[in-house]
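Enquirer: First, the structure itself, so that you have it in front of you.
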Amino acid sequence: MTETHSHTADTHSHNGGTTVEYWEAFYQEREQVWSGAPNFLLVREIQTVPAGSALDLGCAEGADAIWLAEQGWQVTAVDVSETALSRARARAAERGITDISWQQHDLAHSFPAGRFDLISAQYLHSPVAKAYEREQILRRAAAAVAPGGLLLIVGHAEWPTWVETPPADIHFPDTAEVLASLQLDAAQWQVEVDGLGEREHAGPEGQPGTRKDNILLIRRR
């Protein structure tokens with residue numbers, strides 16, 4: 001896969017355990033879950049942006065945070081899973097990157113301190129999130145964007161093309177829904193990118209296919 005999924009979580013029970021336990025089990029099933037490549041929409045939109053302070057929400061195994069650090073950003077990277085964070089730290093160290101602030105956060109209950117020039121929320125989907133939890137986290141993220149800074153939200157727009165029968169009835173919010181849910185003052189924010197990105201996305205058995213993603217890039221004035 002070419003993406004680093006991101007996760008929200010809270011501590012409500014799921015199948016007899018907490019959401020933290022859910023994501024720990026998710027990562028412990030395999031030695032490496034994601035490809036190790038940064039998300040292509042992050043690269044496409046941010047590669048020409050002057051570096052500053054960045055917050056990576058749901059950093060998973062660290063590919064996006066490492067890429068940002070290599071572009072000169074001062075990165076804070078958070079995830080609910082300590083297993084994912086330990087892999088991210090190790091991968092960063094292998095590449096000689098030692099200044100990323102890796103933090104364990106259950107974003108439904110805690111959030112990194114400070115203001116940031118860039119906040120990136122890549123695929124902030126969780127099958128165990130409470131209703132409206134994602135929207136609340138993204139509103140908190142918007143509040144932490146520094147003046148002149150950017151909030152980049154990327155999310156799935158639909159199932160991959162090889163999925164003939166969706167395994168669950170999941171609603172993928174479009175950019176208009178995401179923007180409305182942020183409840184932003186239009187006088188203080190400017191939408192810079194509002195659209196779709198399409199990428200190759202192979203199935204678990206190697207089935208060829210593509211998947212479309214929503215992208216919303218907004219700047220605090």
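In the structure tokens, each chain is lettered A, B, ... as it comes, each chain's residues begin at 1, and ligands are numbered from 1 in order of appearance.
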I'd like the neighbourhood of Asp194 of chain A as a PDB file with N, CA, C and O atoms, in the first residue's frame, where a residue qualifies if any of its atoms comes within 8 Å (using only C-alpha atoms), though same-chain residues fewer than 6 positions away should be ignored.

Expert:
```pdb
ATOM      1  N   THR A 175     -15.771  16.565   0.889  1.00  0.00           N
ATOM      2  CA  THR A 175     -15.071  17.747   1.402  1.00  0.00           C
ATOM      3  C   THR A 175     -16.038  18.801   1.920  1.00  0.00           C
ATOM      4  O   THR A 175     -15.740  19.503   2.886  1.00  0.00           O
ATOM      5  N   ASN A 214     -10.690  12.164  -0.834  1.00  0.00           N
ATOM      6  CA  ASN A 214     -11.001  13.587  -0.707  1.00  0.00           C
ATOM      7  C   ASN A 214      -9.801  14.322  -0.138  1.00  0.00           C
ATOM      8  O   ASN A 214      -9.097  13.804   0.732  1.00  0.00           O
ATOM      9  N   ILE A 215      -9.583  15.526  -0.621  1.00  0.00           N
ATOM     10  CA  ILE A 215      -8.509  16.352  -0.079  1.00  0.00           C
ATOM     11  C   ILE A 215      -9.032  17.759   0.172  1.00  0.00           C
ATOM     12  O   ILE A 215      -9.691  18.360  -0.682  1.00  0.00           O
ATOM     13  N   LEU A 216      -8.760  18.247   1.369  1.00  0.00           N
ATOM     14  CA  LEU A 216      -9.157  19.600   1.756  1.00  0.00           C
ATOM     15  C   LEU A 216      -7.942  20.273   2.391  1.00  0.00           C
ATOM     16  O   LEU A 216      -7.397  19.778   3.373  1.00  0.00           O
ATOM     17  N   LEU A 217      -7.493  21.360   1.789  1.00  0.00           N
ATOM     18  CA  LEU A 217      -6.371  22.133   2.304  1.00  0.00           C
ATOM     19  C   LEU A 217      -6.849  23.541   2.577  1.00  0.00           C
ATOM     20  O   LEU A 217      -7.282  24.245   1.651  1.00  0.00           O
TER      21      LEU A 217
END
```

Enquirer: Name the residues in contact with segment 145-158 of chain A at a cut-off of 9 Å, using only C-alpha atoms, excluding same-chain residues fewer than 6 positions from it; report them as a PyMOL selection string.

Expert: chain A and resi 41-42+45+114-125+138+171-175+178+196+211-221

Enquirer: Which residues are near Gly209 of chain A? Cut-off 12 Å, only C-alpha atoms, ignore same chain within fewer than 4 positions. Put them as a PyMOL selection string.

Expert: chain A and resi 1+159-164+198-205

Enquirer: When you count only C-alpha atoms, which of these residues is closest to Trp73 of chain A: A:Glu135, A:Ser53, A:Ala176, A:Glu21?

Expert: A:Ser53
